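Quick look at final.tsv (TSV, C-alpha atoms):
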chain	number	residue	atom	x	y	z
A	9	MET	CA	58.22	-63.35	26.03
A	10	ARG	CA	57.27	-61.19	23.19
A	11	ARG	CA	57.10	-62.30	19.71
A	12	GLY	CA	57.32	-60.21	16.72
A	13	ARG	CA	54.83	-62.21	14.78
A	14	GLY	CA	51.43	-63.31	16.10
A	15	THR	CA	51.43	-66.58	17.98
A	16	PRO	CA	50.81	-69.48	15.61
A	17	GLU	CA	47.34	-70.97	15.87
A	18	VAL	CA	46.92	-74.24	17.71
A	19	ASN	CA	46.19	-76.94	15.21
A	20	ALA	CA	42.61	-77.96	15.85
A	21	GLY	CA	42.53	-80.53	13.11
A	22	SER	CA	42.92	-83.46	15.49
A	23	MET	CA	40.14	-82.19	17.71
A	24	ALA	CA	37.61	-84.02	15.59
A	25	ASP	CA	39.55	-87.27	15.97
A	26	ILE	CA	39.63	-86.97	19.72
A	27	ALA	CA	35.95	-86.17	19.85
A	28	PHE	CA	35.15	-89.09	17.58
A	29	LEU	CA	37.09	-91.42	19.78
A	30	LEU	CA	35.12	-90.32	22.82
A	31	LEU	CA	31.91	-90.49	20.86
A	32	ILE	CA	32.55	-94.04	19.81
A	33	PHE	CA	33.38	-95.00	23.36
A	34	PHE	CA	30.06	-93.67	24.61
A	35	LEU	CA	28.20	-95.19	21.70
A	36	VAL	CA	29.54	-98.60	22.59
A	37	THR	CA	29.03	-98.40	26.33
A	38	THR	CA	25.65	-96.77	26.22
A	39	THR	CA	22.49	-98.65	26.99
A	40	ILE	CA	19.41	-96.60	26.45
A	41	ASP	CA	17.16	-98.95	28.26
A	42	THR	CA	14.33	-97.44	30.13
A	43	ASP	CA	13.57	-99.78	32.91
A	44	LYS	CA	9.97	-100.82	32.89
A	45	GLY	CA	7.98	-103.38	34.72
A	46	ILE	CA	5.03	-104.32	36.82
A	47	ALA	CA	5.15	-102.49	40.11
A	48	ILE	CA	3.81	-104.25	43.15
A	49	ARG	CA	3.98	-103.72	46.87
A	50	LEU	CA	4.79	-106.67	49.03
A	51	PRO	CA	2.85	-107.18	52.24
A	52	PRO	CA	4.99	-106.67	55.31
A	53	MET	CA	6.25	-109.76	57.05
A	54	PRO	CA	3.88	-110.70	59.85
A	55	GLU	CA	5.53	-110.10	63.17
A	56	GLU	CA	6.22	-113.07	65.31
A	57	ASN	CA	3.78	-113.97	68.05
A	58	GLN	CA	1.28	-111.68	66.45
A	59	PRO	CA	-2.20	-113.01	67.07
A	60	GLU	CA	-3.75	-114.53	64.01
A	61	ASN	CA	-6.15	-111.99	62.74
A	62	ASP	CA	-9.39	-113.68	62.27
A	63	ILE	CA	-11.09	-111.63	59.62
A	64	ARG	CA	-13.86	-113.51	58.01
A	65	ILE	CA	-14.34	-112.78	54.38
A	66	LYS	CA	-17.35	-114.03	52.56
A	67	GLU	CA	-16.46	-116.62	50.03
A	68	ARG	CA	-18.26	-114.82	47.25
A	69	ASN	CA	-15.95	-111.83	47.65
A	70	VAL	CA	-12.82	-113.79	46.90
A	71	LEU	CA	-11.63	-114.72	43.46
A	72	LYS	CA	-9.27	-117.61	43.91
A	73	VAL	CA	-6.69	-117.89	41.18
A	74	LEU	CA	-4.48	-120.93	41.33
A	75	VAL	CA	-1.61	-121.60	38.97
A	76	ASN	CA	-0.06	-125.02	38.96
A	77	ALA	CA	3.35	-126.23	37.92
A	78	ASN	CA	2.12	-126.95	34.40
A	79	ASP	CA	1.09	-123.30	34.07
A	80	GLN	CA	-2.60	-124.11	34.12
A	81	LEU	CA	-5.07	-121.75	35.72
A	82	LEU	CA	-7.84	-122.65	38.09
A	83	VAL	CA	-10.17	-119.76	38.80
A	84	ASN	CA	-12.72	-120.46	41.52
A	85	GLY	CA	-12.47	-124.15	40.77
A	86	GLU	CA	-12.76	-123.76	37.05
A	87	LEU	CA	-10.07	-124.37	34.46
A	88	LEU	CA	-9.51	-121.16	32.56
A	89	SER	CA	-7.20	-119.90	29.86
A	90	VAL	CA	-5.01	-116.90	30.64
A	91	LYS	CA	-6.65	-115.08	27.78
A	92	ASP	CA	-10.03	-115.18	29.52
A	93	LEU	CA	-8.70	-114.18	32.91
A	94	LYS	CA	-9.12	-110.45	32.46
A	95	ARG	CA	-12.73	-110.71	31.32
A	96	ARG	CA	-13.52	-113.06	34.15
A	97	THR	CA	-11.84	-110.81	36.71
A	98	LYS	CA	-13.69	-107.73	35.52
A	99	GLU	CA	-16.94	-109.61	35.74
A	100	PHE	CA	-16.10	-110.70	39.25
A	101	ILE	CA	-15.14	-107.24	40.51
A	102	ASP	CA	-17.92	-105.29	38.92
A	103	ASN	CA	-20.67	-107.90	39.04
A	104	PRO	CA	-23.06	-105.94	36.84
A	105	ARG	CA	-25.78	-108.57	36.94
A	106	LYS	CA	-25.66	-108.95	40.72
A	107	ASP	CA	-24.75	-112.58	40.48
A	108	PRO	CA	-24.86	-114.05	44.03
A	109	ASN	CA	-21.65	-115.97	43.34
A	110	LEU	CA	-19.61	-112.91	42.44
A	111	SER	CA	-18.43	-110.06	44.63
A	112	GLU	CA	-20.91	-107.94	46.57
A	113	SER	CA	-19.29	-104.70	45.53
A	114	PRO	CA	-15.97	-103.70	43.93
A	115	THR	CA	-14.66	-102.38	47.25
A	116	LYS	CA	-15.14	-105.76	48.86
A	117	ALA	CA	-13.61	-107.79	46.08
A	118	ILE	CA	-10.38	-109.56	46.87
A	119	ILE	CA	-8.26	-111.55	44.50
A	120	SER	CA	-6.29	-114.35	45.97
A	121	LEU	CA	-3.39	-115.58	43.92
A	122	LYS	CA	-1.62	-118.78	44.66
A	123	ASN	CA	1.06	-120.45	42.66
A	124	ASP	CA	3.23	-123.48	42.82
A	125	ARG	CA	6.98	-123.35	43.27
A	126	GLY	CA	7.20	-124.95	39.86
A	127	THR	CA	5.09	-122.31	38.14
A	128	SER	CA	7.04	-120.48	35.49
A	129	TYR	CA	7.82	-116.85	36.08
A	130	ASN	CA	6.45	-116.02	32.67
A	131	ILE	CA	2.94	-117.21	33.46
A	132	TYR	CA	3.06	-115.59	36.87
A	133	ILE	CA	3.80	-112.22	35.30
A	134	THR	CA	1.11	-112.77	32.69
A	135	VAL	CA	-1.45	-113.54	35.38
A	136	HIS	CA	-0.40	-110.52	37.43
A	137	ASN	CA	-0.58	-108.43	34.32
A	138	GLU	CA	-4.08	-109.57	33.47
A	139	LEU	CA	-5.34	-108.90	36.99
A	140	LYS	CA	-3.81	-105.45	36.91
A	141	ALA	CA	-5.23	-104.84	33.46
A	142	ALA	CA	-8.70	-105.74	34.71
A	143	TYR	CA	-8.48	-103.10	37.44
A	144	ASN	CA	-6.97	-100.53	35.12
A	145	GLU	CA	-9.71	-101.02	32.56
A	146	LEU	CA	-12.45	-100.75	35.17
A	147	ARG	CA	-10.89	-97.59	36.56
A	148	GLU	CA	-10.60	-96.16	33.10
A	149	ALA	CA	-14.24	-96.94	32.36
A	150	LYS	CA	-15.36	-95.33	35.62
A	151	ALA	CA	-13.23	-92.26	34.95
A	152	MET	CA	-14.87	-91.89	31.57
A	153	GLY	CA	-18.34	-92.43	33.00
A	154	ASP	CA	-18.03	-90.18	36.04
A	155	PHE	CA	-15.78	-87.41	34.84
A	156	GLY	CA	-15.77	-87.81	31.08
A	157	LYS	CA	-11.99	-87.87	31.08
A	158	SER	CA	-9.32	-90.48	30.86
A	159	PHE	CA	-8.00	-91.70	34.22
A	160	ASP	CA	-4.54	-90.29	33.58
A	161	LYS	CA	-5.95	-86.83	33.00
A	162	LEU	CA	-7.91	-86.62	36.25
A	163	ASN	CA	-6.57	-84.71	39.20
A	164	GLU	CA	-5.29	-86.50	42.24
A	165	SER	CA	-8.43	-86.43	44.35
A	166	GLN	CA	-10.52	-87.72	41.49
A	167	GLN	CA	-8.00	-90.47	40.85
A	168	ASN	CA	-8.05	-91.41	44.51
A	169	GLU	CA	-11.80	-91.52	44.50
A	170	ILE	CA	-11.74	-94.04	41.69
A	171	LYS	CA	-8.87	-95.93	43.24
A	172	ASP	CA	-10.87	-96.24	46.45
A	173	TYR	CA	-13.83	-97.56	44.55
A	174	TYR	CA	-11.82	-100.12	42.62
A	175	ARG	CA	-9.36	-100.93	45.32
A	176	GLN	CA	-6.83	-103.34	43.97
A	177	VAL	CA	-6.41	-106.09	46.48
A	178	ILE	CA	-4.32	-108.96	45.26
A	179	SER	CA	-3.32	-111.22	48.05
A	180	GLU	CA	-0.61	-113.72	47.36
A	181	ALA	CA	-0.44	-116.88	49.33
A	182	GLU	CA	2.76	-118.73	49.99
A	183	PRO	CA	3.35	-121.09	47.13
A	184	GLU	CA	3.04	-124.76	47.64
A	185	ASN	CA	5.52	-127.26	46.53
A	186	VAL	CA	3.50	-129.88	44.77
A	187	ALA	CA	5.58	-130.57	41.72
A	188	GLY	CA	8.79	-130.65	43.70
A	189	ALA	CA	10.64	-127.94	41.83
B	7	MET	CA	25.48	-62.95	-20.79
B	8	LYS	CA	28.47	-64.99	-21.22
B	9	LEU	CA	29.48	-67.16	-18.37
B	10	GLN	CA	32.94	-66.60	-17.26
B	11	LYS	CA	35.07	-69.63	-16.93
B	12	LYS	CA	36.27	-70.27	-13.45
B	13	LYS	CA	39.91	-70.01	-13.13
B	14	LYS	CA	40.34	-70.66	-9.46
B	15	PRO	CA	39.76	-74.21	-8.15
B	16	SER	CA	36.73	-74.46	-5.87
B	17	PRO	CA	37.72	-73.87	-2.25
B	18	ALA	CA	37.85	-76.86	0.05
B	19	ILE	CA	34.81	-77.41	2.27
B	20	SER	CA	35.51	-76.03	5.65
B	21	THR	CA	35.73	-78.77	8.24
B	22	SER	CA	36.33	-76.45	11.12
B	23	SER	CA	32.79	-76.95	12.43
B	24	LEU	CA	33.11	-80.72	12.40
B	25	PRO	CA	34.45	-80.90	15.95
B	26	ASP	CA	31.46	-78.87	17.11
B	27	ILE	CA	29.04	-81.27	15.52
B	28	VAL	CA	30.84	-84.26	16.93
B	29	PHE	CA	31.01	-82.70	20.36
B	30	MET	CA	27.30	-82.10	20.27
B	31	LEU	CA	26.69	-85.77	19.53
B	32	LEU	CA	29.20	-86.67	22.18
B	33	PHE	CA	27.41	-84.65	24.82
B	34	PHE	CA	24.11	-86.19	23.83
B	35	PHE	CA	25.46	-89.66	24.39
B	36	MET	CA	27.26	-88.67	27.56
B	37	VAL	CA	24.05	-87.36	29.03
B	38	THR	CA	21.85	-90.25	27.99
B	39	THR	CA	24.32	-92.97	28.76
B	40	VAL	CA	24.03	-95.28	31.70
B	41	LEU	CA	27.18	-97.18	32.25
B	42	ARG	CA	26.49	-100.79	32.84
B	43	GLU	CA	27.43	-101.39	36.39
B	44	THR	CA	27.34	-105.11	36.55
B	45	ASP	CA	28.46	-107.84	34.27
B	46	LEU	CA	25.58	-110.16	33.67
B	47	LYS	CA	26.49	-113.69	34.56
B	48	VAL	CA	23.00	-115.01	34.05
B	49	LYS	CA	20.89	-115.07	30.94
B	50	VAL	CA	17.86	-112.86	31.41
B	51	VAL	CA	15.03	-112.51	28.95
B	52	VAL	CA	12.35	-110.62	30.80
B	53	PRO	CA	8.71	-111.59	30.28
B	54	GLN	CA	6.31	-109.39	28.38
B	55	ALA	CA	3.43	-107.47	29.87
B	56	THR	CA	1.07	-104.67	28.98
B	57	GLU	CA	0.48	-102.90	32.28
B	58	ILE	CA	3.98	-101.67	32.78
B	59	GLN	CA	5.25	-98.60	34.49
B	60	LYS	CA	8.52	-96.80	34.07
B	61	LEU	CA	10.95	-97.04	36.90
B	62	GLU	CA	11.76	-93.59	38.16
B	63	LYS	CA	14.90	-92.47	39.89
B	64	LYS	CA	17.35	-95.02	38.66
B	65	SER	CA	19.79	-94.22	41.41
B	66	LEU	CA	17.31	-95.58	43.94
B	67	VAL	CA	16.83	-98.91	42.25
B	68	SER	CA	18.62	-102.07	43.28
B	69	TYR	CA	18.66	-104.91	40.83
B	70	ILE	CA	18.36	-108.59	41.49
B	71	TYR	CA	18.98	-110.84	38.52
B	72	ILE	CA	17.60	-114.34	38.26
B	73	GLY	CA	18.31	-116.68	35.41
B	74	SER	CA	20.34	-119.63	34.31
B	75	PRO	CA	24.11	-119.02	34.21
B	76	THR	CA	25.58	-117.96	30.89
B	77	GLU	CA	27.60	-120.41	28.90
B	78	SER	CA	30.99	-119.69	30.47
B	79	TYR	CA	29.62	-120.40	33.94
B	80	ARG	CA	27.63	-123.49	33.06
B	81	GLY	CA	30.45	-125.87	33.81
B	82	LYS	CA	30.76	-124.62	37.33
B	83	PHE	CA	27.20	-123.74	38.23
B	84	GLY	CA	25.02	-125.86	35.97
B	85	THR	CA	21.95	-124.62	34.16
B	86	ALA	CA	19.48	-124.23	37.01
B	87	PRO	CA	18.40	-120.60	37.49
B	88	ARG	CA	20.45	-118.72	40.04
B	89	ILE	CA	20.44	-115.33	41.69
B	90	GLN	CA	23.00	-112.72	40.82
B	91	LEU	CA	23.62	-109.79	43.13
B	92	ASN	CA	26.09	-107.19	41.95
B	93	ASP	CA	28.84	-109.20	40.31
B	94	ALA	CA	28.48	-112.55	41.96
B	95	PHE	CA	26.15	-115.47	42.20
B	96	ALA	CA	24.32	-115.53	45.46
B	97	SER	CA	21.98	-117.62	47.50
B	98	PRO	CA	18.61	-116.26	48.65
B	99	ASN	CA	19.80	-115.63	52.19
B	100	GLN	CA	22.35	-113.13	50.90
B	101	VAL	CA	19.57	-110.85	49.66
B	102	VAL	CA	19.05	-109.23	53.05
B	103	GLU	CA	22.72	-108.34	53.28
B	104	PHE	CA	22.65	-106.96	49.76
B	105	ILE	CA	19.67	-104.71	50.51
B	106	GLU	CA	21.31	-103.48	53.70
B	107	LYS	CA	24.40	-102.54	51.75
B	108	GLU	CA	22.33	-100.76	49.13
B	109	ARG	CA	20.56	-98.84	51.85
B	110	ALA	CA	23.79	-97.86	53.53
B	111	ALA	CA	24.98	-96.34	50.27
B	112	ARG	CA	22.03	-93.95	50.11
B	113	ALA	CA	20.94	-91.03	52.20
B	114	GLU	CA	18.60	-91.96	54.98
B	115	ALA	CA	15.77	-89.84	53.64
B	116	GLU	CA	15.85	-91.75	50.37
B	117	VAL	CA	15.64	-95.22	51.87
B	118	PRO	CA	11.82	-95.38	51.90
B	119	LEU	CA	11.78	-94.48	48.22
B	120	MET	CA	14.08	-97.28	47.20
B	121	THR	CA	12.76	-99.88	44.82
B	122	THR	CA	13.97	-103.35	44.11
B	123	SER	CA	13.78	-104.49	40.55
B	124	ILE	CA	13.68	-108.20	39.92
B	125	LYS	CA	15.04	-108.97	36.51
B	126	ALA	CA	14.16	-112.58	36.16
B	127	ASP	CA	14.27	-114.78	33.13
B	128	LYS	CA	10.88	-115.87	31.92
B	129	GLU	CA	11.99	-119.47	32.03
B	130	ALA	CA	12.76	-119.25	35.71
B	131	LYS	CA	10.50	-120.98	38.19
B	132	MET	CA	8.51	-119.21	40.86
B	133	GLY	CA	10.25	-121.10	43.65
B	134	ILE	CA	13.42	-119.07	43.44
B	135	VAL	CA	11.51	-115.83	42.86
B	136	THR	CA	9.38	-116.52	45.93
B	137	ASP	CA	12.48	-117.11	48.04
B	138	VAL	CA	13.77	-113.71	47.02
B	139	LYS	CA	10.41	-112.12	47.73
B	140	GLN	CA	10.36	-113.61	51.21
B	141	GLU	CA	13.83	-112.27	51.90
B	142	LEU	CA	12.77	-108.83	50.72
B	143	ARG	CA	9.81	-108.93	53.05
B	144	LYS	CA	12.12	-109.86	55.89
B	145	CYS	CA	14.19	-106.72	55.45
B	146	ASN	CA	11.15	-104.59	54.75
B	147	ALA	CA	12.05	-103.74	51.15
B	148	LEU	CA	8.49	-103.80	49.97
B	149	LYS	CA	8.59	-101.72	46.83
B	150	LEU	CA	9.12	-104.20	44.09
B	151	ASN	CA	9.16	-104.10	40.35
B	152	TYR	CA	9.05	-107.11	38.08
B	153	SER	CA	11.06	-106.00	35.10
B	154	SER	CA	9.22	-106.74	31.88
B	155	SER	CA	9.10	-105.53	28.33
B	156	LYS	CA	6.17	-104.11	26.44
B	157	ARG	CA	3.80	-106.49	24.75
B	158	ALA	CA	1.73	-105.13	21.91
B	159	GLU	CA	-0.95	-107.78	21.95
B	160	VAL	CA	-3.69	-107.36	24.53
B	161	TYR	CA	-5.87	-110.25	25.62
B	162	ASN	CA	-9.56	-109.54	25.71

For this file, write the structure as structure tokens.
Amino acid sequence: MRRGRGTPEVNAGSMADIAFLLLIFFLVTTTIDTDKGIAIRLPPMPEENQPENDIRIKERNVLKVLVNANDQLLVNGELLSVKDLKRRTKEFIDNPRKDPNLSESPTKAIISLKNDRGTSYNIYITVHNELKAAYNELREAKAMGDFGKSFDKLNESQQNEIKDYYRQVISEAEPENVAGA
Amino acid sequence: MKLQKKKKPSPAISTSSLPDIVFMLLFFFMVTTVLRETDLKVKVVVPQATEIQKLEKKSLVSYIYIGSPTESYRGKFGTAPRIQLNDAFASPNQVVEFIEKERAARAEAEVPLMTTSIKADKEAKMGIVTDVKQELRKCNALKLNYSSSKRAEVYN
């Protein structure tokens, strides 16, 4: 159909209203939460009728961290505050003074973590965090010392070299039920 | 020079570009938005930590919530921390089934990259968290992330 006059323009005045409506909808439903957290890797479930592997580990190479139901820490038989855990762990892993009670070398160091069923999740995460922080700080220090660069800025093979040196071994034992939680 | 008096009224500000501006904002929010998939039935305040990593590939993450039921569910379920999978309360032995379902929904090549994120309340006890961990080990879902928020203070 032909029109003599030009077709009338579509009224775009309500376009803004429609867009606003959509905008408000997305504003309300949006959650800009970047998910963050402590990443760990669980050990695989031991297969049934697998022979007990009988690896002997020298006692000095194990840092035993126990957390009880009252959220108290026992590190190698010594009551310790969470705030001192990182320092203590770093000392244990690195053993700069060659203390015969601490680990022989960082590669041999193992941290054993055991908690009660009544331990609060909060303290568990804090302990995990401190142990991880100890390793991260040692790695960072080694990166600075060996390569003169921050750990994040090293290339992959250099990072792996440091990771192999400070191998993070945190073994978690099955929790005990002492407090009856 | 003598200023001439304006005779015409000032023209109205053109609003024709307003939709464009709004659309731009709209697209920004559409792109950044993540629609909340599940209704939280448990109260979760995640603990704080310093050594946290960002979770990559959100589509490959399955969430397990642990916390005490919110007010409207207290009457029925009490206040003891419980597990929530998808939209329902669950017991630890349902975790395996949940992970299997999550795996079935993804391509096979992506299954090894899948991560489980435990969003547990900091008041929760380790007993329930350990039960979940054991179940995850059973079905070989070993990549785990304890959801936590950033803490500014660092212990020395």

Would you tabulate, counting all atoms listed in the file, all residues of chain B that have an atom at most 8 Å from an atom of chain A, showing the closest pair of atoms and their distance in Å to one decimal, sorted by chain then ascending number, as a tab-separated table?
residue	atom	partner	partner_atom	distance
B:Ser22	CA	A:Gly21	CA	7.7
B:Leu24	CA	A:Ala24	CA	6.4
B:Pro25	CA	A:Ala24	CA	4.5
B:Val28	CA	A:Ala27	CA	6.2
B:Phe29	CA	A:Ala27	CA	6.1
B:Leu31	CA	A:Leu31	CA	7.2
B:Leu32	CA	A:Leu31	CA	4.9
B:Phe35	CA	A:Phe34	CA	6.1
B:Met36	CA	A:Phe34	CA	6.4
B:Thr38	CA	A:Ile40	CA	7.0
B:Thr39	CA	A:Thr38	CA	4.8
B:Val40	CA	A:Thr38	CA	5.9
B:Leu41	CA	A:Thr38	CA	6.2
B:Arg42	CA	A:Thr37	CA	7.4
B:Pro53	CA	A:Asn130	CA	5.5
B:Gln54	CA	A:Thr134	CA	7.6
B:Ala55	CA	A:Asn137	CA	6.1
B:Thr56	CA	A:Asn137	CA	6.7
B:Glu57	CA	A:Asn137	CA	6.0
B:Ile58	CA	A:Gly45	CA	4.8
B:Gln59	CA	A:Lys44	CA	5.5
B:Lys60	CA	A:Lys44	CA	4.4
B:Leu61	CA	A:Asp43	CA	5.5
B:Ala126	CA	A:Tyr129	CA	7.6
B:Asp127	CA	A:Tyr129	CA	7.4
B:Lys128	CA	A:Asn130	CA	4.5
B:Glu129	CA	A:Ser128	CA	6.1
B:Ala130	CA	A:Tyr129	CA	5.5
B:Lys131	CA	A:Ser128	CA	4.4
B:Met132	CA	A:Arg125	CA	5.0
B:Gly133	CA	A:Arg125	CA	4.0
B:Ile134	CA	A:Arg125	CA	7.7
B:Val135	CA	A:Tyr129	CA	7.8
B:Thr136	CA	A:Pro183	CA	7.7
B:Lys139	CA	A:Leu50	CA	7.9
B:Arg143	CA	A:Met53	CA	5.4
B:Lys144	CA	A:Met53	CA	6.0
B:Asn146	CA	A:Pro52	CA	6.5
B:Leu148	CA	A:Leu50	CA	4.8
B:Lys149	CA	A:Arg49	CA	5.0
B:Leu150	CA	A:Ile48	CA	5.4
B:Asn151	CA	A:Ala47	CA	4.3
B:Tyr152	CA	A:Ile46	CA	5.1
B:Ser153	CA	A:Gly45	CA	4.1
B:Ser154	CA	A:Gly45	CA	4.6
B:Ser155	CA	A:Lys44	CA	6.6
B:Tyr161	CA	A:Lys91	CA	5.3
B:Asn162	CA	A:Arg95	CA	6.5

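Counting from atom CA of Lys63 of chain B, the distance to atom CA of Thr44 of chain B is 18.0 Å.
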
Residues within 9 Å of Ser158 of chain A, please, as a compact mmCIF listing (two decimals) with C-alpha atoms, keeping the file's coordinate frame. Count only C-alpha atoms; anything in the same chain fewer than 6 positions from it doesn't count.
# COMPACT_ATOMS: atom_id res chain seq x y z
CA GLU A 148 -10.60 -96.16 33.10
CA ALA A 149 -14.24 -96.94 32.36
CA ALA A 151 -13.23 -92.26 34.95
CA MET A 152 -14.87 -91.89 31.57

Practice task
Please measure the separation of atom CA of Ser89 of chain A and atom CA of Val52 of chain B, giving the value in Å to one decimal.
Solution key: 21.7 Å

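Going from atom CA of Leu146 of chain A over to atom CA of Lys171 of chain A, you cover 10.1 Å.
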
Exercise for the section: Using all atoms listed in the file, pick whichever of A:Lys122, A:Arg13, A:Arg68, A:Lys157 has the shortest atom-to-atom distance to Lys106 of chain A. Expected result: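 Residue with the minimum atom-to-atom distance to Lys106 of chain A: A:Arg68.
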
Exercise for the section: Considering all atoms listed in the file, return as a list in words whatever protein or nucleic-acid residues lie within 9 Å of Gln176 of chain A, sequence-local ones (same chain, fewer than 3 positions apart) excluded. Expected result: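 Returned residues: Thr115, Ala117, Ile118, Ile119, Lys140, Tyr143, Lys171 and Asp172 of chain A.
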
Fill in the blank from the handout: Restricting to all atoms listed in the file, whichever of B:Lys47, B:Lys107, B:Met120, B:Val160 is closest to Pro87 of chain B is B:Lys47
